[in-house]
Amino acid sequence: MRYRVLGGTGIEVSVHCLGTMMFGAVGNPDHEDCARIIHAALDQGINFIDTADMYSAGESEEIVGKALRGRRDDVVLATKVHFRMGDGPNRSGNSRRWIIREVEESLKRLQTDWIDLYQIHRPDHTTDIEETLSALSDLVHQGKIRAFGCSTFPADEIVEAYHVAERRGLQRFRTEQPPYSLLARGIETSVLPVCQRLGMGVLTWSPLASGFLTGRYRKGQPIDLATGRAALTPARFDPSLSVNATKLDIVEQLVEVADGIGCSLPELAVAFTVAHPGVTSVIIGPRTTDQLETLLKGASLTLDDATLDRIDEIVPPGTNVYHPDGAWRSPVLVDTTRRRRPFADRAAA
């Protein structure tokens, strides 16, 4: 396993990062089996583990904490905060109040004294970014976190946060965690170039496009919408929807590319994301040991220019075949009052 420096922090992380979203009630509820997957990943050179407080309502962090007993010093541990945890107001978002409280809960679940990379899971337009950066900077000074980053932030908000940190003398986001795959290349347009210019590390998620690039879903074959990933988000897999029909058509072409170079579709998918110069580490999120082994088989796969050119023909650079983030939409797109003037003020004359 190769290692790359994470966003100028001096911390070296494996090019594959073990994602743990599928550990717990949402995916694999067997804690001992999940621990075996974590240990197998560590034994094969992965030293980077990513989780979040909201994965299975904290259960994922608990599993990771138990699995890392006796091995914590060898692991670069990342987790995230933002989404709702429990009932009542002020139990979500990016406010100082919530960040300071929730980091303590994550530390308890992870059974550790520090978090290497603490990430803001999504933007929060109700909280001034200065407040968020100030709270995170304080946590660094207190030694509770080593560095912090953002996840699935638009390029303009990454730039805004950078300039606010400079003006206010605060520490800045060192990393961004965006979705990136053969079917979701939108971050190539601005997010990746911005991160490269600012010297930020990038750990990408969903290289298999929420399972669409596993090879399990093929054109003309029935898709069971009641099991696996399809049961969690049926709209992403329903073949009767035009966007999914398009994905299935593209998958067939990508299978041909993979067959042509003698690899599996998942191996092609992960190797593609690793090849971009702006990507530091790619999060792989296995639910079983077999899935982990399948993904790691392609760790040494190098895609040549001819293969990457063919991929560009199938899915042009910067193109999202589908909207990759089903968990958050920008308020400026959702709230009609933000993009429509009052009726009496809409005419030009």
# chains A, B, ... in the order shown; residues from 1 in each chain; ligands from 1
>>> residues_around(residues="Asn28 of chain A", least_positions_apart="2", cutoff="12 Å", atoms="only C-alpha atoms", output="number ranges by chain")
A: 20-26, 30-37, 55-56, 59-60, 63, 228, 285-289
>>> residues_around(residues="Val321 of chain A", least_positions_apart="2", cutoff="8 Å", atoms="only C-alpha atoms", output="number ranges by chain")
A: 183-184, 243, 246-247, 315, 319, 323
>>> closest_residue(among="A:Ile284, A:Ala269, A:Ala258, A:Leu241", to="Leu18 of chain A", atoms="only C-alpha atoms")
A:Ile284
>>> residues_around(residues="segment 158-171 of chain A", least_positions_apart="3", cutoff="12 Å", atoms="only C-alpha atoms", output="MDAnalysis selection string")
chainID A and resid 9 120 122:123 128:141 146:155 174:178 190:200
>>> select_by_dssp(residues="segment 128-261 of chain A", states="strand (DSSP E)", output="PyMOL selection string")
chain A and resi 145-151+175-177+201-204
>>> write_last_selection(atoms="C-alpha atoms", output="compact mmCIF listing (two decimals), in the first residue's frame")
# COMPACT_ATOMS: atom_id res chain seq x y z
CA ILE A 145 -8.17 16.90 17.26
CA ARG A 146 -5.00 17.09 15.17
CA ALA A 147 -6.48 18.65 12.02
CA PHE A 148 -9.88 19.36 10.53
CA GLY A 149 -11.55 19.31 7.15
CA CYS A 150 -14.86 19.56 5.34
CA SER A 151 -16.98 17.06 3.42
CA THR A 175 -9.00 18.37 3.66
CA GLU A 176 -12.17 17.95 1.65
CA GLN A 177 -14.15 14.71 1.33
CA GLY A 201 -5.83 16.81 0.92
CA VAL A 202 -8.78 15.07 -0.73
CA LEU A 203 -10.31 11.80 0.44
CA THR A 204 -13.08 10.80 -1.94
